[in-house]
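*Asks:* Dropping in model_24.txt, which is compact mmCIF, C-alpha atoms:
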```
# COMPACT_ATOMS: atom_id res chain seq x y z
CA MET A 1 -50.17 12.82 7.06
CA THR A 2 -51.30 9.40 8.26
CA GLN A 3 -50.90 8.89 11.99
CA PHE A 4 -50.67 5.55 13.74
CA GLU A 5 -51.41 4.52 17.29
CA PHE A 6 -49.77 1.47 18.80
CA GLU A 7 -51.28 -0.66 21.53
CA TYR A 8 -48.12 -2.38 22.78
CA GLN A 9 -44.58 -1.32 23.62
CA PHE A 10 -41.54 -3.53 24.25
CA ASN A 11 -37.88 -2.89 24.99
CA TYR A 12 -35.02 -4.00 22.77
CA ARG A 13 -32.82 -6.73 24.21
CA PRO A 14 -29.46 -8.27 23.27
CA LEU A 15 -28.85 -11.72 21.84
CA PHE A 16 -25.92 -14.08 22.18
CA PHE A 17 -23.53 -14.08 19.28
CA GLN A 18 -20.11 -15.40 18.30
CA ALA A 19 -17.74 -13.68 15.88
CA GLY A 20 -14.03 -14.29 15.35
CA GLY A 21 -14.06 -16.76 18.23
CA GLN A 22 -15.37 -14.10 20.61
CA LYS A 23 -18.49 -14.90 22.60
CA LEU A 24 -20.57 -11.85 23.22
CA LEU A 25 -23.92 -10.16 23.44
CA THR A 26 -25.11 -8.05 20.53
CA PRO A 27 -26.17 -4.48 21.15
CA PRO A 28 -29.88 -4.40 22.03
CA LEU A 29 -32.01 -5.50 19.08
CA PRO A 30 -35.74 -5.62 18.30
CA VAL A 31 -36.38 -8.94 20.05
CA ILE A 32 -39.65 -10.01 21.65
CA GLU A 33 -40.68 -13.03 23.63
CA VAL A 34 -43.44 -15.05 21.97
CA ALA A 35 -45.38 -18.15 22.95
CA LEU A 36 -46.02 -20.85 20.38
CA SER A 37 -48.72 -23.41 20.91
CA HIS A 38 -49.91 -26.44 19.04
CA ASN A 39 -52.78 -28.55 20.33
CA GLU A 40 -52.24 -28.51 24.12
CA ALA A 41 -48.49 -27.94 24.04
CA VAL A 42 -47.02 -24.49 24.60
CA THR A 43 -43.52 -23.07 24.81
CA THR A 44 -41.92 -19.65 24.77
CA ASP A 45 -38.80 -18.24 23.20
CA PHE A 46 -37.31 -14.99 22.00
CA ALA A 47 -37.41 -13.97 18.36
CA LEU A 48 -35.74 -11.19 16.40
CA ILE A 49 -37.97 -8.95 14.27
CA ASP A 50 -36.30 -9.14 10.85
CA SER A 51 -37.95 -7.02 8.18
CA GLY A 52 -35.42 -8.42 5.67
CA SER A 53 -36.88 -11.91 6.06
CA THR A 54 -39.75 -13.19 3.96
CA PHE A 55 -40.66 -15.91 6.44
CA SER A 56 -40.96 -16.26 10.18
CA ILE A 57 -38.70 -19.14 11.09
CA PHE A 58 -38.16 -20.98 14.38
CA THR A 59 -35.65 -23.61 15.36
CA ARG A 60 -36.89 -27.14 14.79
CA GLU A 61 -36.31 -27.89 18.46
CA ILE A 62 -39.40 -25.82 19.27
CA ALA A 63 -41.44 -27.96 16.89
CA ASP A 64 -40.11 -31.07 18.60
CA GLU A 65 -41.13 -29.64 21.96
CA LEU A 66 -44.64 -28.99 20.59
CA ALA A 67 -44.83 -32.55 19.21
CA ILE A 68 -45.02 -31.29 15.63
CA GLU A 69 -43.70 -33.71 12.99
CA VAL A 70 -41.42 -31.20 11.32
CA LEU A 71 -40.67 -33.14 8.13
CA GLN A 72 -44.38 -33.60 7.37
CA GLY A 73 -44.84 -29.88 6.66
CA ARG A 74 -44.57 -28.18 3.28
CA VAL A 75 -40.89 -27.90 2.43
CA GLN A 76 -39.43 -24.46 1.76
CA LYS A 77 -35.89 -23.92 0.48
CA LEU A 78 -34.35 -20.70 1.76
CA SER A 79 -31.32 -18.63 1.05
CA THR A 80 -30.16 -16.78 4.19
CA LEU A 81 -27.19 -14.77 5.42
CA GLY A 82 -25.71 -17.91 6.98
CA GLY A 83 -26.22 -20.07 3.89
CA SER A 84 -29.02 -22.13 2.42
CA LEU A 85 -31.51 -23.82 4.66
CA LEU A 86 -34.41 -26.24 4.39
CA ALA A 87 -37.45 -25.46 6.47
CA TYR A 88 -40.95 -26.86 6.86
CA ALA A 89 -44.23 -24.95 7.19
CA HIS A 90 -46.70 -25.65 9.97
CA GLU A 91 -49.67 -23.83 11.44
CA ILE A 92 -49.32 -22.82 15.07
CA ASP A 93 -50.89 -20.29 17.43
CA LEU A 94 -48.50 -17.38 17.94
CA GLU A 95 -49.00 -15.34 21.10
CA ILE A 96 -47.32 -11.97 21.48
CA THR A 97 -49.39 -10.90 24.48
CA PRO A 98 -52.37 -12.64 26.11
CA ASN A 99 -54.63 -10.31 24.08
CA LEU A 100 -52.65 -10.52 20.85
CA HIS A 101 -52.45 -14.00 19.42
CA TYR A 102 -53.42 -15.60 16.13
CA LYS A 103 -53.11 -18.75 14.10
CA THR A 104 -50.50 -18.54 11.39
CA GLU A 105 -48.11 -20.56 9.30
CA VAL A 106 -44.45 -20.37 10.31
CA LEU A 107 -41.39 -22.32 9.25
CA PHE A 108 -39.34 -24.67 11.37
CA SER A 109 -35.72 -25.25 10.35
CA GLU A 110 -34.57 -28.73 9.40
CA TYR A 111 -31.73 -28.48 11.93
CA PRO A 112 -31.36 -26.35 15.07
CA ILE A 113 -30.62 -22.65 14.54
CA PRO A 114 -29.44 -20.26 17.27
CA ARG A 115 -32.14 -17.62 16.88
CA ASN A 116 -35.75 -17.37 15.82
CA LEU A 117 -36.85 -14.75 13.33
CA LEU A 118 -40.11 -12.89 12.82
CA GLY A 119 -40.39 -11.93 9.14
CA HIS A 120 -43.17 -10.81 6.83
CA ASN A 121 -45.10 -14.06 6.57
CA GLY A 122 -46.54 -14.95 9.94
CA PHE A 123 -45.69 -11.71 11.74
CA LEU A 124 -45.38 -8.44 9.82
CA ASP A 125 -48.50 -9.39 7.83
CA HIS A 126 -50.44 -9.53 11.13
CA VAL A 127 -48.91 -6.74 13.20
CA ALA A 128 -47.93 -3.13 12.51
CA VAL A 129 -44.46 -2.46 13.88
CA ALA A 130 -42.50 0.70 14.58
CA LEU A 131 -38.89 0.56 15.72
CA ARG A 132 -37.07 3.35 17.55
CA SER A 133 -33.52 2.02 17.76
CA LYS A 134 -32.24 5.26 19.28
CA TYR A 135 -34.40 4.57 22.34
CA GLY A 136 -34.51 0.77 22.13
CA LEU A 137 -38.28 0.67 21.78
CA ILE A 138 -40.59 -1.54 19.75
CA TYR A 139 -44.22 -0.53 19.14
CA LEU A 140 -46.78 -3.08 17.97
CA HIS A 141 -50.38 -2.88 16.91
CA PRO A 142 -52.52 -5.80 15.74
CA GLU A 143 -53.64 -5.81 12.11
CA ILE A 144 -55.43 -9.14 12.14
CA MET B 1 -27.51 -14.45 30.30
CA GLN B 2 -24.45 -13.28 32.21
CA TRP B 3 -23.52 -16.82 33.22
CA LEU B 4 -22.90 -17.82 29.60
CA LEU B 5 -20.77 -14.72 28.98
CA ASP B 6 -18.72 -15.50 32.07
CA HIS B 7 -18.02 -19.06 30.85
CA PRO B 8 -16.69 -18.73 27.26
CA ASP B 9 -15.04 -22.18 27.37
CA PHE B 10 -18.48 -23.69 27.89
CA TRP B 11 -19.47 -22.54 24.38
CA ASP B 12 -16.65 -24.58 22.82
CA GLN B 13 -17.15 -27.60 25.06
CA HIS B 14 -20.85 -27.84 24.19
CA ARG B 15 -21.04 -27.01 20.49
CA GLY B 16 -24.17 -28.40 18.91
CA GLU B 17 -25.93 -28.53 22.27
CA HIS B 18 -28.64 -26.58 24.08
CA VAL B 19 -28.19 -24.82 27.40
CA ALA B 20 -30.99 -23.74 29.75
CA LEU B 21 -30.38 -20.71 31.95
CA TRP B 22 -32.37 -19.16 34.77
CA GLY B 23 -31.06 -16.02 36.39
CA TYR B 24 -27.34 -16.48 37.05
CA GLU B 25 -27.58 -20.26 36.95
CA MET B 26 -26.95 -22.89 34.33
CA ILE B 27 -29.86 -25.29 34.75
CA ALA B 28 -29.10 -27.96 32.17
CA VAL B 29 -27.16 -28.73 29.03
CA GLY B 30 -28.13 -31.40 26.52
CA LYS B 31 -28.43 -32.48 22.92
CA THR B 32 -32.03 -31.30 22.54
CA ARG B 33 -34.06 -28.32 23.66
CA LYS B 34 -36.75 -30.66 24.99
CA GLU B 35 -34.22 -32.40 27.21
CA VAL B 36 -33.07 -29.18 28.89
CA VAL B 37 -36.58 -27.73 29.16
CA ASP B 38 -37.78 -30.97 30.81
CA GLU B 39 -34.92 -30.73 33.29
CA ALA B 40 -35.80 -27.11 34.09
CA ARG B 41 -39.45 -28.03 34.58
CA LYS B 42 -38.45 -30.74 37.05
CA ARG B 43 -37.00 -27.86 39.06
CA GLY B 44 -40.20 -25.84 38.76
CA ILE B 45 -38.97 -23.52 36.02
CA LYS B 46 -41.65 -23.61 33.34
CA PHE B 47 -40.06 -21.44 30.65
CA PRO B 48 -36.26 -21.24 31.03
CA PHE B 49 -34.08 -19.24 28.67
CA VAL B 50 -32.66 -21.74 26.17
CA GLN B 51 -29.74 -21.08 23.83
CA TYR B 52 -28.49 -23.37 21.07
CA LEU B 53 -24.70 -23.23 20.69
CA PRO B 54 -23.91 -23.77 17.01
CA VAL B 55 -21.05 -25.99 15.84
CA HIS B 56 -19.80 -23.44 13.28
CA GLU B 57 -19.69 -19.68 13.59
CA HIS B 58 -21.56 -19.00 10.34
CA GLU B 59 -24.59 -20.76 11.80
CA TRP B 60 -25.26 -17.66 13.92
CA TYR B 61 -26.50 -16.08 10.69
CA LEU B 62 -28.66 -19.00 9.58
CA GLY B 63 -32.20 -17.92 8.81
CA MET B 64 -31.46 -14.19 8.83
CA SER B 65 -32.69 -12.16 5.85
CA ASN B 66 -34.31 -15.29 4.50
CA GLN B 67 -35.77 -15.42 0.99
CA PRO B 68 -37.18 -18.30 -1.04
CA ALA B 69 -34.24 -19.99 -2.73
CA VAL B 70 -34.14 -19.57 -6.49
CA GLU B 71 -34.02 -22.95 -8.18
CA PRO B 72 -31.22 -23.25 -10.79
```
Translate this file's structure into structure tokens.
*Replies:*
Amino acid sequence: MTQFEFEYQFNYRPLFFQAGGQKLLTPPLPVIEVALSHNEAVTTDFALIDSGSTFSIFTREIADELAIEVLQGRVQKLSTLGGSLLAYAHEIDLEITPNLHYKTEVLFSEYPIPRNLLGHNGFLDHVAVALRSKYGLIYLHPEI
Amino acid sequence: MQWLLDHPDFWDQHRGEHVALWGYEMIAVGKTRKEVVDEARKRGIKFPFVQYLPVHEHEWYLGMSNQPAVEP
């Protein structure tokens, strides 16, 4: 049987959510804090690991903060749980830890969205991930 | 995060806006993320927690399980 070793471990954390008018926190989810940088600009935000997503997508407000001209990127039409969405591809440096960062293409939404998502392109194609929801633990190992 | 849970009316009053939080304190609210992050940085908080409050409830699901859209 193949065995894997993982270099990094993170804890699940909840996200804000609204359903039926109720404002609440979700149960803890596989969410990590990442830093995005472009040229000299850098910002951080939380992102949900979503293995059901093809693309890693961030709210356009992060692109604005990094002085990225969102609409100049390659356009990508998406269908998502919340409806269809236009997003634009840009290359950024994605930092998960100071020792685990890489350049990759991610999408930025045309309009603000309430949560960022780490999907296959831009994340799961660079990092091996194991999730232990019972214990609220995320394991990561670089595959760059 | 607790501050936002303790102020549910704030969510409705500021739909379509961004809120910056730091510990149990609301640092800034504004139309753009940049605006609230700049305000936090003026106070010495480099990377505040920022939450966008969507206008419509379905927007909470936007982006999730994304796939390339199939053209008709």
*Asks:* Place a sphere of radius 9 Å on (-40.4, -16.3, 15.5) in the file coordinates and name every protein, DNA or RNA residue with an atom inside or on its surface, counting only C-alpha atoms; give the answer as a PDB file with C-alpha atoms, in the frame of the given file.
*Replies:*
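The result, written out as result.pdb:
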```
ATOM      1  CA  ILE A  32     -39.650 -10.010  21.650  1.00  0.00           C
ATOM      2  CA  GLU A  33     -40.680 -13.030  23.630  1.00  0.00           C
ATOM      3  CA  VAL A  34     -43.440 -15.050  21.970  1.00  0.00           C
ATOM      4  CA  LEU A  36     -46.020 -20.850  20.380  1.00  0.00           C
ATOM      5  CA  ASP A  45     -38.800 -18.240  23.200  1.00  0.00           C
ATOM      6  CA  PHE A  46     -37.310 -14.990  22.000  1.00  0.00           C
ATOM      7  CA  ALA A  47     -37.410 -13.970  18.360  1.00  0.00           C
ATOM      8  CA  LEU A  48     -35.740 -11.190  16.400  1.00  0.00           C
ATOM      9  CA  ILE A  49     -37.970  -8.950  14.270  1.00  0.00           C
ATOM     10  CA  SER A  56     -40.960 -16.260  10.180  1.00  0.00           C
ATOM     11  CA  ILE A  57     -38.700 -19.140  11.090  1.00  0.00           C
ATOM     12  CA  PHE A  58     -38.160 -20.980  14.380  1.00  0.00           C
ATOM     13  CA  THR A  59     -35.650 -23.610  15.360  1.00  0.00           C
ATOM     14  CA  LEU A  94     -48.500 -17.380  17.940  1.00  0.00           C
ATOM     15  CA  VAL A 106     -44.450 -20.370  10.310  1.00  0.00           C
ATOM     16  CA  LEU A 107     -41.390 -22.320   9.250  1.00  0.00           C
ATOM     17  CA  ARG A 115     -32.140 -17.620  16.880  1.00  0.00           C
ATOM     18  CA  ASN A 116     -35.750 -17.370  15.820  1.00  0.00           C
ATOM     19  CA  LEU A 117     -36.850 -14.750  13.330  1.00  0.00           C
ATOM     20  CA  LEU A 118     -40.110 -12.890  12.820  1.00  0.00           C
ATOM     21  CA  GLY A 119     -40.390 -11.930   9.140  1.00  0.00           C
ATOM     22  CA  GLY A 122     -46.540 -14.950   9.940  1.00  0.00           C
ATOM     23  CA  PHE A 123     -45.690 -11.710  11.740  1.00  0.00           C
TER      24      PHE A 123
END
```
*Asks:* Any idea what's packed within 9 Å of Tyr88 of chain A, counting only C-alpha atoms, ignoring anything in its chain fewer than 6 positions away? Could you give it as a PyMOL selection string?
*Replies:* chain A and resi 60+70-77+106-110
*Asks:* Measuring atom to atom with all atoms listed in the file, identify which of B:Leu53, B:Val70, B:Leu21, B:Val37 is nearest to Met1 of chain B.
*Replies:*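 Closest residue, counting all atoms listed in the file: B:Leu21.
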*Asks:* Any idea which chain A residues end up within 6 Å of chain B if we count only C-alpha atoms, as a PyMOL selection string please?
*Replies:* chain A and resi 52-54+61+65+77-82+114
*Asks:* Give me the box for segment 32-49 of chain B as JSON, namely the centre and edge lengths in Å to one decimal of a box along x, y and z that holds every listed atom plus 3 Å on each side.
*Replies:*
```
{"center_x": -36.8, "center_y": -25.8, "center_z": 30.8, "size_x": 15.6, "size_y": 19.2, "size_z": 22.5}
```
*Asks:* State, in Å with one decimal place, the distance from atom CA of Phe16 of chain A to atom CA of Tyr139 of chain A.
*Replies:*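 Computed distance, atom CA of Phe16 of chain A to atom CA of Tyr139 of chain A, equals 23.0 Å.
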*Asks:* In Å, how far is it from atom CA of Ile113 of chain A to atom CA of Asp93 of chain A?
*Replies:* 20.6 Å
